[in-house]
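K.L.:
One structure is given below, represented as structure tokens, and several questions about it will come after.
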Amino acid sequence: MSRDGVIKQKIPICEILGVRIAAIHMEKALTYIQNNLKTLSGRYICISNVHTTVMSYEDAEYCRIQNEAALALPDGKPLSVICRKRGFLNADRVTGPDLMGEIFCCSSERGYTHYFYGSTPETLKLLRERLVSEYGLSIAGMYSPPFRELTEEEDKAVIEEINKVGADFVWVSLGAPKQERWMHAHQGKVRGLMIGIGAGADYFAGNIKRAPMWMQKCSLEWLYRLFQEPRRLFKRYFVTNTKFLWLMARGK
């Protein structure tokens, strides 16, 4: 059995609409990452939610990308609830921003370095200022890609830059499904553990505020986000969430 296979055996898996969701909680996810960081270098972690899970159900290639990740963590509250209903009683929500915060908090002690790929130059500037000020984070580099596909030469140069600085974590903020496709395409090429964080960079830069804790615990964070960006998120939350509930009701 491969080394990756041995590691994966330690993580309970709950399959939801074909996606192999890691049925774990924050403490176990953090411990797993810390204990296996060297082995995970060159691989990626997906932060999965209802939206990405429904997309995976409808797109076999994207489902394969989710399932080839080292972990597909249950960011969405409904995913962790389903995990518990299916017998994984210790499963709990592991959100992208929460995971980032936990890793940032222990970075100075453990000597972790970070690279940020994605988002806008303005957001990255704010992000650097806040992370250095609040966490004393060691940021090895940042790159805001253009709103087009990189040429082969440009992509090669970015890979060389990331590998040259030797960051432990490569945080990818391109939005789903683009960031998962990017990580999958760069698996084994980029050194460091890649984690797709969606709007995580905006949260820590201060561009977006998170929902109050009571809304997070009541599975209402999506509603708070909808109020912030109604035009962009309406289809995702109402169409995709409705489809997810319908598929669950059918026993998928």
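By convention here, the chains of the structure tokens are called A, B, ... in the order presented, each chain's residues are numbered starting at 1, and ligands are numbered starting at 1 in the order presented.
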Skip Phe147 (chain A) itself and residues of its chain fewer than 3 positions away, then list as a PyMOL selection string all residues within 12 Å of it, counting only C-alpha atoms.

P.N.:
chain A and resi 118-120+144+150+174+178

K.L.:
Find the residues around region 82-86 of chain A up to 7 Å (only C-alpha atoms counted), leave out those fewer than 5 positions away in its own chain, and share them as a ChimeraX atom specification.

P.N.:
/A:14,23,91

K.L.:
Name the closest residue to Ala201 (chain A) among the candidates A:Tyr135, A:Tyr62, A:Trp171, A:Trp222; distances are taken between atoms, counting only C-alpha atoms.

P.N.:
A:Trp171

K.L.:
Using only C-alpha atoms, find the one residue out of A:Phe234, A:Arg225, A:Thr39, A:His184 that sits nearest to Pro212 (chain A).

P.N.:
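Using only C-alpha atoms, Pro212 (chain A) sits closest to A:Arg225.
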
K.L.:
Could the residues of region 159-214 of chain A that have an atom at most 10 Å from region 66-73 of chain A be listed as a Markdown table, each with its closest atom pair and the distance in Å to one decimal, counting only C-alpha atoms and ordered by chain and ascending residue number?

P.N.:
```
| residue | atom | partner | partner_atom | distance |
| --- | --- | --- | --- | --- |
| A:Pro177 | CA | A:Gln66 | CA | 9.8 |
| A:Glu180 | CA | A:Gln66 | CA | 7.4 |
| A:Arg181 | CA | A:Gln66 | CA | 9.1 |
| A:Met183 | CA | A:Ala69 | CA | 9.0 |
| A:His184 | CA | A:Ala69 | CA | 7.8 |
| A:Gln187 | CA | A:Ala69 | CA | 9.3 |
| A:Leu193 | CA | A:Ala70 | CA | 9.5 |
| A:Met194 | CA | A:Ala69 | CA | 9.8 |
| A:Ile195 | CA | A:Leu71 | CA | 9.6 |
```

K.L.:
Can you list every residue in region 117-231 of chain A that DSSP puts in helix (DSSP H, G or I), as a PyMOL selection string?

P.N.:
chain A and resi 121-135+152-165+178-185+200-205+213-217+221-228+230-231

K.L.:
At a cut-off of 8 Å, using only C-alpha atoms, what residues contact Ser173 (chain A)? Leave out same-chain residues fewer than 3 positions from it and give the result as an NGL selection string.

P.N.:
:A and (116-119 or 179 or 196-201)

K.L.:
I need the residues from that last selection saved to file as a PDB file, in the first residue's frame (with N, CA and C atoms), if you can.

P.N.:
```
ATOM      1  N   PHE A 116       0.813  33.139  -0.891  1.00  0.00           N
ATOM      2  CA  PHE A 116      -0.580  33.387  -1.251  1.00  0.00           C
ATOM      3  C   PHE A 116      -0.699  33.577  -2.761  1.00  0.00           C
ATOM      4  N   TYR A 117      -1.524  32.734  -3.371  1.00  0.00           N
ATOM      5  CA  TYR A 117      -1.729  32.779  -4.822  1.00  0.00           C
ATOM      6  C   TYR A 117      -3.194  33.102  -5.096  1.00  0.00           C
ATOM      7  N   GLY A 118      -3.440  34.205  -5.813  1.00  0.00           N
ATOM      8  CA  GLY A 118      -4.811  34.574  -6.137  1.00  0.00           C
ATOM      9  C   GLY A 118      -5.196  35.907  -5.535  1.00  0.00           C
ATOM     10  N   SER A 119      -6.447  36.312  -5.772  1.00  0.00           N
ATOM     11  CA  SER A 119      -6.998  37.566  -5.289  1.00  0.00           C
ATOM     12  C   SER A 119      -6.365  38.748  -6.026  1.00  0.00           C
ATOM     13  N   GLN A 179     -10.034  27.211  -8.359  1.00  0.00           N
ATOM     14  CA  GLN A 179      -8.898  26.951  -7.483  1.00  0.00           C
ATOM     15  C   GLN A 179      -8.621  25.457  -7.334  1.00  0.00           C
ATOM     16  N   GLY A 196      -7.142  25.348  -0.973  1.00  0.00           N
ATOM     17  CA  GLY A 196      -8.055  26.269  -1.650  1.00  0.00           C
ATOM     18  C   GLY A 196      -8.920  26.998  -0.631  1.00  0.00           C
ATOM     19  N   ILE A 197      -8.850  28.316  -0.609  1.00  0.00           N
ATOM     20  CA  ILE A 197      -9.489  29.063   0.479  1.00  0.00           C
ATOM     21  C   ILE A 197     -10.620  29.979   0.023  1.00  0.00           C
ATOM     22  N   GLY A 198     -10.940  30.020  -1.271  1.00  0.00           N
ATOM     23  CA  GLY A 198     -12.058  30.843  -1.722  1.00  0.00           C
ATOM     24  C   GLY A 198     -11.930  32.282  -1.280  1.00  0.00           C
ATOM     25  N   ALA A 199     -12.891  32.733  -0.471  1.00  0.00           N
ATOM     26  CA  ALA A 199     -12.903  34.121   0.015  1.00  0.00           C
ATOM     27  C   ALA A 199     -12.071  34.308   1.276  1.00  0.00           C
ATOM     28  N   GLY A 200     -11.298  33.300   1.649  1.00  0.00           N
ATOM     29  CA  GLY A 200     -10.504  33.379   2.871  1.00  0.00           C
ATOM     30  C   GLY A 200      -9.568  34.580   2.904  1.00  0.00           C
ATOM     31  N   ALA A 201      -8.960  34.885   1.768  1.00  0.00           N
ATOM     32  CA  ALA A 201      -8.053  36.033   1.710  1.00  0.00           C
ATOM     33  C   ALA A 201      -8.810  37.324   1.991  1.00  0.00           C
TER      34      ALA A 201
END
```

K.L.:
Provide the CA of Leu89 (chain A) to CA of Lys10 (chain A) distance in Å, to one decimal place.

P.N.:
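Distance between the two atoms: 15.7 Å.
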